Amino acid sequence: MKVLVIGGGGREHALCWHLRACSPEAEVYCAPGSDGIAQVADVVRIAADEVHELADLARDLKIDLTIVGPELPLSLGVVDEFQNRGLRIFGPRKAAAQLESSKVFAKEFMRRHGIPTADFEVVHDAEEACAAAARFGLPVVLKADGLAAGKGVLLAHTKAELDDAIAAFFEHRKFGAGGDRVVVEQFLQGEEVSFIGLSDGLRLLPLATAKDYKRIGEGDIGPNTGGMGAHSPSGVADASTAALVLERVMHATVAGMAAEDNPFVGFLYAGLMLTDDGPSVLEFNVRLGDPEAQALLLRLEDDLARLLLRGARGDFETTRLDFKKEAAACLVLAAEGYPESAVKGARISGLDVAATHEGVEIFHAGTAKTETGWVVAGGRVLNVCASGRDLRHALRRAYDAARRIDWPGRQLRGDIGRRVLQAENIQHSGITSIPREVLGEESSG
Ligand code: AMP
Ligand code: GLY
């Protein structure tokens, strides 16, 4: 079987690695790939947003299945283009990808189908934004309608921050046309957790739980990033919460999209806040999370190529996925200056040694290979991932390996998983009554 993966980051490296590991006979191609991905796949330098050229490539190489990593090609209609040309691809069509590419679409869809999400209003100018914010009170959240690489969400805790946010959208037009419509929504408090599933348009197969860490700084402070680390299981969603999310969010979304004649095929990712009133959807993504995917793929036992090929045909022919009992962790090593402006070009040391650590896999997110070795070529540079018998073991292995890798200004959060493990300590000492399954659970079908 010939498989093409679209994308070039750590998630796509992990996808190519998994495809190679679970189906050794598969021929794996990746576009645009990266120097790191070239270690496990044949890389073709066509950018992820060149949808016509990608379809030409799939036709010329006689690709049996294309898997899409990032959101941009999905929002541009890469799936429509492939399908119109009779090429098999796993992902949502452009209309269904609006669950991620339009916050207004996603919020109104959730409202129509009673899927739990923060109360909101769609506004078109500063005056409407002020009125909506006054209705919700501070703190309040403002979100650009269109894709903004994770930067289109502004939280306002004070009146001054609110004024700045409104000016950013409507005066400075920081988000361009993507900010013509803005969602103003109620601020939610709680623990964030992501749920990811695969849909063939009718059914949803849940992946194991995962948690990512979005802020640059330890203790979840500082600006949002693409993600500084992740682990699976999440350790924060108990079995009953997972069941509730599956029913009220994941299955409800797939059923709602099908009922609206806009079926959702692809990876469905719900970013949720676990509030005192129950889980509430913050956002949908129509792809695998990065770096959640890296941790999840370390645990996934199924043959992804065969599964997604069946999904692309409209029937997974199975009702559940199998995950190893082991836990997995992924640590992101980022460049100096990330996320504002990454400093590129630094020489990376220690990569070979780290890669020999037991249970460790290293995926490349932003590196380049030069005659003298690997150098920093992006904001998120490397993903050091590890499996272990439990979360503590997986994290320890990942940190031991990650600390061998260095370059000037390298950033690594030292607290990935820490709060989850602290909760586990409290639980083991019998101080609280956190249910056992909170710590070791995984969602299953
Ligand atoms: P989003 O892209 O919608 O997931 O928003 C990015 C981040 O902003 C989330 O991961 C949350 O940390 C935060 N956020 C979004 N919506 C809310 C909300 N209603 N209340 C509190 N925080 C939020
Ligand atoms: N890790 C969050 C995302 O991929 O959007």
# chains A, B, ... in the order shown; residues from 1 in each chain; ligands from 1

call {"tool": "residues_around", "arguments": {"residues": "Tyr338 (chain A)", "least_positions_apart": "6", "cutoff": "9 Å", "atoms": "only C-alpha atoms", "output": "PyMOL selection string"}}
result
chain A and resi 216+225+378-380+411

call {"tool": "residues_near_ligand", "arguments": {"ligand": "ligand 2", "cutoff": "9 Å", "atoms": "only C-alpha atoms and all ligand atoms", "output": "list in words"}}
result
Arg11, Pro70, Ala149, Gly150, Ser194, Lys211, Asp212, Tyr213, Lys214, Thr225, Gly226, Gly227, Met228, Gly229, Ala230, Tyr269, Gly271, Phe284, Asn285, Arg287, Leu288, Gly289, Asp290, Pro291, Glu292 and Ala293 of chain A

call {"tool": "write_last_selection", "arguments": {"atoms": "N, CA and C atoms", "output": "PDB file, in the first residue's frame"}}
result
ATOM      1  N   ARG A  11       3.959  16.028  14.333  1.00  0.00           N
ATOM      2  CA  ARG A  11       2.797  15.138  14.196  1.00  0.00           C
ATOM      3  C   ARG A  11       2.943  14.260  12.949  1.00  0.00           C
ATOM      4  N   PRO A  70      -2.149  18.893   8.911  1.00  0.00           N
ATOM      5  CA  PRO A  70      -2.553  20.215   9.388  1.00  0.00           C
ATOM      6  C   PRO A  70      -3.908  20.695   8.868  1.00  0.00           C
ATOM      7  N   ALA A 149      -3.884  30.493  13.472  1.00  0.00           N
ATOM      8  CA  ALA A 149      -2.728  29.746  14.008  1.00  0.00           C
ATOM      9  C   ALA A 149      -2.698  29.776  15.536  1.00  0.00           C
ATOM     10  N   GLY A 150      -3.870  29.606  16.148  1.00  0.00           N
ATOM     11  CA  GLY A 150      -3.926  29.542  17.607  1.00  0.00           C
ATOM     12  C   GLY A 150      -3.781  30.895  18.287  1.00  0.00           C
ATOM     13  N   SER A 194      -8.186  17.498  26.145  1.00  0.00           N
ATOM     14  CA  SER A 194      -8.610  17.279  24.764  1.00  0.00           C
ATOM     15  C   SER A 194      -9.114  15.856  24.571  1.00  0.00           C
ATOM     16  N   LYS A 211      -3.613  14.923  27.167  1.00  0.00           N
ATOM     17  CA  LYS A 211      -3.634  16.305  27.658  1.00  0.00           C
ATOM     18  C   LYS A 211      -2.445  17.037  27.055  1.00  0.00           C
ATOM     19  N   ASP A 212      -2.672  18.268  26.589  1.00  0.00           N
ATOM     20  CA  ASP A 212      -1.532  19.051  26.116  1.00  0.00           C
ATOM     21  C   ASP A 212      -1.345  20.284  26.995  1.00  0.00           C
ATOM     22  N   TYR A 213      -0.199  20.899  26.865  1.00  0.00           N
ATOM     23  CA  TYR A 213       0.185  22.046  27.687  1.00  0.00           C
ATOM     24  C   TYR A 213       0.505  23.178  26.729  1.00  0.00           C
ATOM     25  N   LYS A 214      -0.423  24.171  26.662  1.00  0.00           N
ATOM     26  CA  LYS A 214      -0.358  25.148  25.571  1.00  0.00           C
ATOM     27  C   LYS A 214       0.531  26.342  25.851  1.00  0.00           C
ATOM     28  N   THR A 225       1.079  28.697  22.841  1.00  0.00           N
ATOM     29  CA  THR A 225       1.948  28.154  21.795  1.00  0.00           C
ATOM     30  C   THR A 225       1.144  27.084  21.060  1.00  0.00           C
ATOM     31  N   GLY A 226       1.790  26.430  20.113  1.00  0.00           N
ATOM     32  CA  GLY A 226       1.138  25.271  19.492  1.00  0.00           C
ATOM     33  C   GLY A 226       1.024  24.106  20.454  1.00  0.00           C
ATOM     34  N   GLY A 227       1.768  24.138  21.539  1.00  0.00           N
ATOM     35  CA  GLY A 227       1.761  23.038  22.507  1.00  0.00           C
ATOM     36  C   GLY A 227       3.193  22.728  22.910  1.00  0.00           C
ATOM     37  N   MET A 228       3.436  22.675  24.220  1.00  0.00           N
ATOM     38  CA  MET A 228       4.805  22.483  24.728  1.00  0.00           C
ATOM     39  C   MET A 228       5.027  21.082  25.289  1.00  0.00           C
ATOM     40  N   GLY A 229       3.978  20.274  25.274  1.00  0.00           N
ATOM     41  CA  GLY A 229       4.126  18.913  25.779  1.00  0.00           C
ATOM     42  C   GLY A 229       2.765  18.266  25.845  1.00  0.00           C
ATOM     43  N   ALA A 230       2.762  16.961  25.978  1.00  0.00           N
ATOM     44  CA  ALA A 230       1.486  16.235  26.059  1.00  0.00           C
ATOM     45  C   ALA A 230       1.746  14.882  26.698  1.00  0.00           C
ATOM     46  N   TYR A 269     -11.249  16.603  16.951  1.00  0.00           N
ATOM     47  CA  TYR A 269     -10.554  16.954  18.191  1.00  0.00           C
ATOM     48  C   TYR A 269     -11.398  17.987  18.907  1.00  0.00           C
ATOM     49  N   GLY A 271     -11.386  20.445  22.111  1.00  0.00           N
ATOM     50  CA  GLY A 271     -10.679  21.035  23.244  1.00  0.00           C
ATOM     51  C   GLY A 271     -11.740  21.429  24.253  1.00  0.00           C
ATOM     52  N   PHE A 284     -13.170  23.156  18.357  1.00  0.00           N
ATOM     53  CA  PHE A 284     -12.977  21.924  17.610  1.00  0.00           C
ATOM     54  C   PHE A 284     -11.774  22.096  16.708  1.00  0.00           C
ATOM     55  N   ASN A 285     -11.027  21.023  16.540  1.00  0.00           N
ATOM     56  CA  ASN A 285     -10.048  20.946  15.467  1.00  0.00           C
ATOM     57  C   ASN A 285     -10.450  19.758  14.611  1.00  0.00           C
ATOM     58  N   ARG A 287      -8.457  17.734  12.946  1.00  0.00           N
ATOM     59  CA  ARG A 287      -7.180  17.069  12.684  1.00  0.00           C
ATOM     60  C   ARG A 287      -6.669  16.533  14.004  1.00  0.00           C
ATOM     61  N   LEU A 288      -5.592  15.786  13.950  1.00  0.00           N
ATOM     62  CA  LEU A 288      -4.939  15.343  15.183  1.00  0.00           C
ATOM     63  C   LEU A 288      -4.274  16.540  15.859  1.00  0.00           C
ATOM     64  N   GLY A 289      -4.292  16.571  17.162  1.00  0.00           N
ATOM     65  CA  GLY A 289      -3.565  17.614  17.881  1.00  0.00           C
ATOM     66  C   GLY A 289      -2.065  17.367  17.776  1.00  0.00           C
ATOM     67  N   ASP A 290      -1.310  18.436  17.821  1.00  0.00           N
ATOM     68  CA  ASP A 290       0.143  18.351  17.825  1.00  0.00           C
ATOM     69  C   ASP A 290       0.606  19.125  19.046  1.00  0.00           C
ATOM     70  N   PRO A 291       1.131  18.531  20.090  1.00  0.00           N
ATOM     71  CA  PRO A 291       1.832  17.243  20.176  1.00  0.00           C
ATOM     72  C   PRO A 291       1.045  16.074  20.757  1.00  0.00           C
ATOM     73  N   GLU A 292      -0.288  16.183  20.921  1.00  0.00           N
ATOM     74  CA  GLU A 292      -1.021  15.038  21.472  1.00  0.00           C
ATOM     75  C   GLU A 292      -0.836  13.793  20.608  1.00  0.00           C
ATOM     76  N   ALA A 293      -0.820  14.001  19.274  1.00  0.00           N
ATOM     77  CA  ALA A 293      -0.726  12.861  18.354  1.00  0.00           C
ATOM     78  C   ALA A 293       0.535  12.040  18.623  1.00  0.00           C
TER      79      ALA A 293
END

call {"tool": "residues_near_ligand", "arguments": {"ligand": "ligand 1", "cutoff": "6 Å", "atoms": "only C-alpha atoms and all ligand atoms", "output": "list in words"}}
result
Ala118, Val141, Gly150, Val153, Glu185, Gln186, Phe187, Leu188, Gln189, Gly271, Leu282 and Glu283 of chain A

call {"tool": "atom_distance", "arguments": {"atom1": "CA of Asp163 (chain A)", "atom2": "CA of Ala177 (chain A)"}}
result
19.8 Å

call {"tool": "residues_around", "arguments": {"residues": "region 57-67 of chain A", "least_positions_apart": "4", "cutoff": "9 Å", "atoms": "only C-alpha atoms", "output": "number ranges by chain"}}
result
A: 1-6, 15, 29, 44, 46, 52-53, 82, 85, 87-91, 305, 308-309, 312

call {"tool": "select_by_dssp", "arguments": {"residues": "region 282-398 of chain A", "states": "helix (DSSP H, G or I)", "output": "PyMOL selection string"}}
result
chain A and resi 292-299+304-313+351-355+391-398

call {"tool": "atom_distance", "arguments": {"atom1": "CA of Glu121 (chain A)", "atom2": "CA of Lys143 (chain A)"}}
result
10.6 Å

call {"tool": "select_by_dssp", "arguments": {"residues": "region 314-384 of chain A", "states": "strand (DSSP E or B)", "output": "VMD selection string"}}
result
chain A and resid 323 327 to 334 347 349 360 to 364 367 to 370 373 to 376 380 to 384

call {"tool": "residues_around", "arguments": {"residues": "Leu205 (chain A)", "least_positions_apart": "6", "cutoff": "9 Å", "atoms": "only C-alpha atoms", "output": "PDB file with N, CA and C atoms, in the first residue's frame"}}
result
ATOM      1  N   ILE A 196      -9.978  13.222  21.321  1.00  0.00           N
ATOM      2  CA  ILE A 196      -9.824  13.065  19.885  1.00  0.00           C
ATOM      3  C   ILE A 196     -10.456  11.737  19.471  1.00  0.00           C
ATOM      4  N   GLY A 197     -11.149  11.766  18.355  1.00  0.00           N
ATOM      5  CA  GLY A 197     -11.713  10.537  17.813  1.00  0.00           C
ATOM      6  C   GLY A 197     -11.551  10.528  16.310  1.00  0.00           C
ATOM      7  N   LEU A 198     -11.841   9.370  15.723  1.00  0.00           N
ATOM      8  CA  LEU A 198     -11.814   9.226  14.273  1.00  0.00           C
ATOM      9  C   LEU A 198     -13.234   8.998  13.825  1.00  0.00           C
ATOM     10  N   SER A 199     -13.643   9.689  12.751  1.00  0.00           N
ATOM     11  CA  SER A 199     -14.985   9.442  12.249  1.00  0.00           C
ATOM     12  C   SER A 199     -14.949   9.051  10.779  1.00  0.00           C
ATOM     13  N   PHE A 316     -15.369   2.100   8.980  1.00  0.00           N
ATOM     14  CA  PHE A 316     -14.165   1.590   9.651  1.00  0.00           C
ATOM     15  C   PHE A 316     -14.181   0.068   9.806  1.00  0.00           C
ATOM     16  N   THR A 318     -14.995  -1.517  12.289  1.00  0.00           N
ATOM     17  CA  THR A 318     -14.641  -1.900  13.661  1.00  0.00           C
ATOM     18  C   THR A 318     -15.287  -0.880  14.587  1.00  0.00           C
ATOM     19  N   THR A 319     -15.418  -1.239  15.870  1.00  0.00           N
ATOM     20  CA  THR A 319     -16.093  -0.315  16.780  1.00  0.00           C
ATOM     21  C   THR A 319     -15.148   0.243  17.845  1.00  0.00           C
ATOM     22  N   ARG A 320     -13.896  -0.232  17.821  1.00  0.00           N
ATOM     23  CA  ARG A 320     -12.973   0.327  18.827  1.00  0.00           C
ATOM     24  C   ARG A 320     -11.536   0.236  18.346  1.00  0.00           C
ATOM     25  N   LEU A 321     -10.723   1.078  18.961  1.00  0.00           N
ATOM     26  CA  LEU A 321      -9.288   1.071  18.679  1.00  0.00           C
ATOM     27  C   LEU A 321      -8.573   0.466  19.876  1.00  0.00           C
ATOM     28  N   SER A 444     -12.479   4.129  26.029  1.00  0.00           N
ATOM     29  CA  SER A 444     -12.576   2.995  25.104  1.00  0.00           C
ATOM     30  C   SER A 444     -13.993   2.937  24.575  1.00  0.00           C
ATOM     31  N   GLY A 445     -14.153   2.227  23.458  1.00  0.00           N
ATOM     32  CA  GLY A 445     -15.431   2.296  22.752  1.00  0.00           C
ATOM     33  C   GLY A 445     -16.485   1.450  23.345  1.00  0.00           C
TER      34      GLY A 445
END

call {"tool": "atom_distance", "arguments": {"atom1": "CA of Asp164 (chain A)", "atom2": "CA of Leu99 (chain A)"}}
result
27.3 Å

call {"tool": "closest_residue", "arguments": {"among": "A:Arg111, A:His231, A:Lys159, A:His357", "to": "Glu326 (chain A)", "atoms": "only C-alpha atoms"}}
result
A:His231

call {"tool": "closest_residue", "arguments": {"among": "A:Gly311, A:Gly201, A:Gly256, A:Gly414", "to": "Ala402 (chain A)", "atoms": "only C-alpha atoms"}}
result
A:Gly414

call {"tool": "residues_around", "arguments": {"residues": "Lys103 (chain A)", "least_positions_apart": "3", "cutoff": "8 Å", "atoms": "only C-alpha atoms", "output": "PDB file with all heavy atoms, in the first residue's frame"}}
result
ATOM      1  N   GLN A  98     -15.143  23.448   8.435  1.00  0.00           N
ATOM      2  CA  GLN A  98     -15.532  24.716   9.084  1.00  0.00           C
ATOM      3  C   GLN A  98     -15.662  24.573  10.592  1.00  0.00           C
ATOM      4  O   GLN A  98     -15.647  25.574  11.308  1.00  0.00           O
ATOM      5  CB  GLN A  98     -16.873  25.203   8.539  1.00  0.00           C
ATOM      6  CG  GLN A  98     -16.810  25.785   7.159  1.00  0.00           C
ATOM      7  CD  GLN A  98     -18.208  26.246   6.765  1.00  0.00           C
ATOM      8  OE1 GLN A  98     -18.532  27.410   6.888  1.00  0.00           O
ATOM      9  NE2 GLN A  98     -19.035  25.317   6.315  1.00  0.00           N
ATOM     10  N   LEU A  99     -15.811  23.339  11.091  1.00  0.00           N
ATOM     11  CA  LEU A  99     -15.835  23.153  12.547  1.00  0.00           C
ATOM     12  C   LEU A  99     -14.581  23.770  13.171  1.00  0.00           C
ATOM     13  O   LEU A  99     -14.612  24.226  14.304  1.00  0.00           O
ATOM     14  CB  LEU A  99     -15.904  21.663  12.897  1.00  0.00           C
ATOM     15  CG  LEU A  99     -17.277  20.994  12.859  1.00  0.00           C
ATOM     16  CD1 LEU A  99     -17.141  19.513  13.183  1.00  0.00           C
ATOM     17  CD2 LEU A  99     -18.258  21.663  13.832  1.00  0.00           C
ATOM     18  N   GLU A 100     -13.476  23.766  12.416  1.00  0.00           N
ATOM     19  CA  GLU A 100     -12.258  24.430  12.902  1.00  0.00           C
ATOM     20  C   GLU A 100     -12.033  25.784  12.239  1.00  0.00           C
ATOM     21  O   GLU A 100     -11.610  26.730  12.891  1.00  0.00           O
ATOM     22  CB  GLU A 100     -11.020  23.550  12.669  1.00  0.00           C
ATOM     23  CG  GLU A 100      -9.725  24.260  13.063  1.00  0.00           C
ATOM     24  CD  GLU A 100      -8.506  23.369  13.174  1.00  0.00           C
ATOM     25  OE1 GLU A 100      -8.625  22.160  12.907  1.00  0.00           O
ATOM     26  OE2 GLU A 100      -7.433  23.889  13.530  1.00  0.00           O
ATOM     27  N   ALA A 106     -18.792  26.812  14.142  1.00  0.00           N
ATOM     28  CA  ALA A 106     -18.718  25.808  15.204  1.00  0.00           C
ATOM     29  C   ALA A 106     -19.665  26.145  16.356  1.00  0.00           C
ATOM     30  O   ALA A 106     -20.402  25.280  16.846  1.00  0.00           O
ATOM     31  CB  ALA A 106     -17.282  25.685  15.714  1.00  0.00           C
ATOM     32  N   LYS A 107     -19.678  27.420  16.773  1.00  0.00           N
ATOM     33  CA  LYS A 107     -20.523  27.796  17.905  1.00  0.00           C
ATOM     34  C   LYS A 107     -21.998  27.662  17.552  1.00  0.00           C
ATOM     35  O   LYS A 107     -22.791  27.147  18.352  1.00  0.00           O
ATOM     36  CB  LYS A 107     -20.222  29.238  18.353  1.00  0.00           C
ATOM     37  CG  LYS A 107     -18.828  29.482  18.917  1.00  0.00           C
ATOM     38  CD  LYS A 107     -18.576  28.827  20.257  1.00  0.00           C
ATOM     39  CE  LYS A 107     -19.288  29.490  21.408  1.00  0.00           C
ATOM     40  NZ  LYS A 107     -18.794  28.959  22.726  1.00  0.00           N
ATOM     41  N   LYS A 143     -12.938  35.864  20.186  1.00  0.00           N
ATOM     42  CA  LYS A 143     -12.307  34.936  19.243  1.00  0.00           C
ATOM     43  C   LYS A 143     -12.566  35.366  17.809  1.00  0.00           C
ATOM     44  O   LYS A 143     -13.715  35.552  17.410  1.00  0.00           O
ATOM     45  CB  LYS A 143     -12.880  33.523  19.420  1.00  0.00           C
ATOM     46  CG  LYS A 143     -12.667  32.957  20.811  1.00  0.00           C
ATOM     47  CD  LYS A 143     -13.192  31.534  20.937  1.00  0.00           C
ATOM     48  CE  LYS A 143     -12.785  30.961  22.296  1.00  0.00           C
ATOM     49  NZ  LYS A 143     -13.216  29.583  22.486  1.00  0.00           N
ATOM     50  N   ALA A 144     -11.472  35.474  17.038  1.00  0.00           N
ATOM     51  CA  ALA A 144     -11.611  35.738  15.605  1.00  0.00           C
ATOM     52  C   ALA A 144     -12.324  34.554  14.966  1.00  0.00           C
ATOM     53  O   ALA A 144     -12.089  33.403  15.341  1.00  0.00           O
ATOM     54  CB  ALA A 144     -10.234  35.928  14.974  1.00  0.00           C
ATOM     55  N   ASP A 145     -13.174  34.841  13.982  1.00  0.00           N
ATOM     56  CA  ASP A 145     -13.919  33.771  13.320  1.00  0.00           C
ATOM     57  C   ASP A 145     -12.988  32.826  12.565  1.00  0.00           C
ATOM     58  O   ASP A 145     -13.141  31.613  12.620  1.00  0.00           O
ATOM     59  CB  ASP A 145     -14.931  34.390  12.340  1.00  0.00           C
ATOM     60  CG  ASP A 145     -15.719  33.324  11.602  1.00  0.00           C
ATOM     61  OD1 ASP A 145     -16.087  32.318  12.230  1.00  0.00           O
ATOM     62  OD2 ASP A 145     -15.970  33.504  10.396  1.00  0.00           O
ATOM     63  N   GLY A 146     -12.000  33.381  11.860  1.00  0.00           N
ATOM     64  CA  GLY A 146     -11.187  32.576  10.940  1.00  0.00           C
ATOM     65  C   GLY A 146      -9.958  31.970  11.582  1.00  0.00           C
ATOM     66  O   GLY A 146      -9.622  32.262  12.730  1.00  0.00           O
ATOM     67  N   VAL A 183     -16.460  36.135  17.856  1.00  0.00           N
ATOM     68  CA  VAL A 183     -17.286  35.490  18.873  1.00  0.00           C
ATOM     69  C   VAL A 183     -16.891  36.072  20.220  1.00  0.00           C
ATOM     70  O   VAL A 183     -15.715  36.060  20.583  1.00  0.00           O
ATOM     71  CB  VAL A 183     -17.056  33.954  18.873  1.00  0.00           C
ATOM     72  CG1 VAL A 183     -17.768  33.305  20.059  1.00  0.00           C
ATOM     73  CG2 VAL A 183     -17.534  33.340  17.558  1.00  0.00           C
ATOM     74  N   GLU A 283     -13.164  24.527  21.686  1.00  0.00           N
ATOM     75  CA  GLU A 283     -12.889  24.597  20.254  1.00  0.00           C
ATOM     76  C   GLU A 283     -12.939  23.199  19.662  1.00  0.00           C
ATOM     77  O   GLU A 283     -12.775  22.201  20.366  1.00  0.00           O
ATOM     78  CB  GLU A 283     -11.483  25.166  20.000  1.00  0.00           C
ATOM     79  CG  GLU A 283     -10.390  24.269  20.553  1.00  0.00           C
ATOM     80  CD  GLU A 283      -8.993  24.563  20.019  1.00  0.00           C
ATOM     81  OE1 GLU A 283      -8.868  25.218  18.986  1.00  0.00           O
ATOM     82  OE2 GLU A 283      -8.026  24.097  20.650  1.00  0.00           O
TER      83      GLU A 283
END

call {"tool": "residues_around", "arguments": {"residues": "Thr356 (chain A)", "least_positions_apart": "3", "cutoff": "12 Å", "atoms": "only C-alpha atoms", "output": "ChimeraX atom specification"}}
result
/A:350-353,359-362,384,386,397-398,400-402,404

call {"tool": "write_last_selection", "arguments": {"atoms": "N, CA and C atoms", "output": "short mmCIF file (atom, residue, chain, number, x, y, z; two decimals), in the first residue's frame"}}
result
data_model
loop_
_atom_site.label_atom_id
_atom_site.label_comp_id
_atom_site.auth_asym_id
_atom_site.auth_seq_id
_atom_site.Cartn_x
_atom_site.Cartn_y
_atom_site.Cartn_z
N GLY A 350 23.61 16.44 21.14
CA GLY A 350 23.07 15.41 22.03
C GLY A 350 21.97 14.55 21.45
N LEU A 351 21.59 14.82 20.20
CA LEU A 351 20.46 14.11 19.60
C LEU A 351 20.71 12.60 19.49
N ASP A 352 21.90 12.23 19.07
CA ASP A 352 22.19 10.80 18.89
C ASP A 352 22.13 10.05 20.21
N VAL A 353 22.70 10.64 21.24
CA VAL A 353 22.70 9.98 22.55
C VAL A 353 21.28 9.83 23.07
N GLY A 359 12.92 3.18 25.32
CA GLY A 359 11.53 3.62 25.26
C GLY A 359 11.33 4.97 24.60
N VAL A 360 12.40 5.56 24.08
CA VAL A 360 12.33 6.93 23.56
C VAL A 360 12.24 6.96 22.04
N GLU A 361 11.38 7.82 21.52
CA GLU A 361 11.33 8.13 20.08
C GLU A 361 11.44 9.64 19.94
N ILE A 362 12.23 10.09 18.99
CA ILE A 362 12.37 11.53 18.79
C ILE A 362 11.80 11.89 17.43
N VAL A 384 10.56 15.06 22.05
CA VAL A 384 11.17 13.89 22.68
C VAL A 384 10.05 13.12 23.38
N ALA A 386 8.34 9.38 24.95
CA ALA A 386 8.72 8.11 25.58
C ALA A 386 7.50 7.36 26.05
N ARG A 397 11.44 9.04 31.60
CA ARG A 397 12.24 8.65 30.45
C ARG A 397 12.37 9.79 29.43
N ALA A 398 11.24 10.47 29.21
CA ALA A 398 11.26 11.56 28.23
C ALA A 398 12.17 12.69 28.72
N ASP A 400 14.69 12.48 30.90
CA ASP A 400 16.10 12.05 30.90
C ASP A 400 16.70 12.22 29.51
N ALA A 401 15.93 11.85 28.49
CA ALA A 401 16.45 11.97 27.11
C ALA A 401 16.49 13.42 26.67
N ALA A 402 15.41 14.16 26.97
CA ALA A 402 15.32 15.56 26.50
C ALA A 402 16.46 16.40 27.05
N ARG A 404 19.41 15.61 27.51
CA ARG A 404 20.69 15.37 26.82
C ARG A 404 20.84 16.26 25.59
#

call {"tool": "closest_residue", "arguments": {"among": "A:Pro279, A:Gly77, A:Gly266, A:Gly86", "to": "Asp238 (chain A)", "atoms": "only C-alpha atoms"}}
result
A:Pro279

call {"tool": "closest_residue", "arguments": {"among": "A:Ser75, A:Ser240, A:Ser23, A:Ser349", "to": "Ser101 (chain A)", "atoms": "only C-alpha atoms"}}
result
A:Ser75

call {"tool": "closest_residue", "arguments": {"among": "A:Leu331, A:Val376, A:Ala255, A:Ala342", "to": "Met110 (chain A)", "atoms": "only C-alpha atoms"}}
result
A:Ala255

call {"tool": "residues_around", "arguments": {"residues": "Leu395 (chain A)", "least_positions_apart": "2", "cutoff": "8 Å", "atoms": "only C-alpha atoms", "output": "list in words"}}
result
Ala328, Ala329, Cys330, Ala386, Gly388, Leu391, Arg392, His393, Arg397, Ala398, Tyr399, Ile416 and Gly417 of chain A

call {"tool": "write_last_selection", "arguments": {"atoms": "C-alpha atoms", "output": "short mmCIF file (atom, residue, chain, number, x, y, z; two decimals), in the first residue's frame"}}
result
data_model
loop_
_atom_site.label_atom_id
_atom_site.label_comp_id
_atom_site.auth_asym_id
_atom_site.auth_seq_id
_atom_site.Cartn_x
_atom_site.Cartn_y
_atom_site.Cartn_z
CA ALA A 328 3.30 7.93 26.75
CA ALA A 329 4.66 11.45 27.06
CA CYS A 330 5.89 14.01 24.55
CA ALA A 386 8.72 8.11 25.58
CA GLY A 388 6.61 3.82 30.15
CA LEU A 391 2.76 8.30 33.34
CA ARG A 392 5.54 8.88 35.88
CA HIS A 393 7.82 6.38 34.15
CA ARG A 397 12.24 8.65 30.45
CA ALA A 398 11.26 11.56 28.23
CA TYR A 399 12.90 14.12 30.55
CA ILE A 416 4.77 18.65 31.93
CA GLY A 417 2.55 16.19 33.83
#

call {"tool": "closest_residue", "arguments": {"among": "A:Ser232, A:Gln39, A:Asn84, A:Thr253", "to": "Leu297 (chain A)", "atoms": "only C-alpha atoms"}}
result
A:Ser232
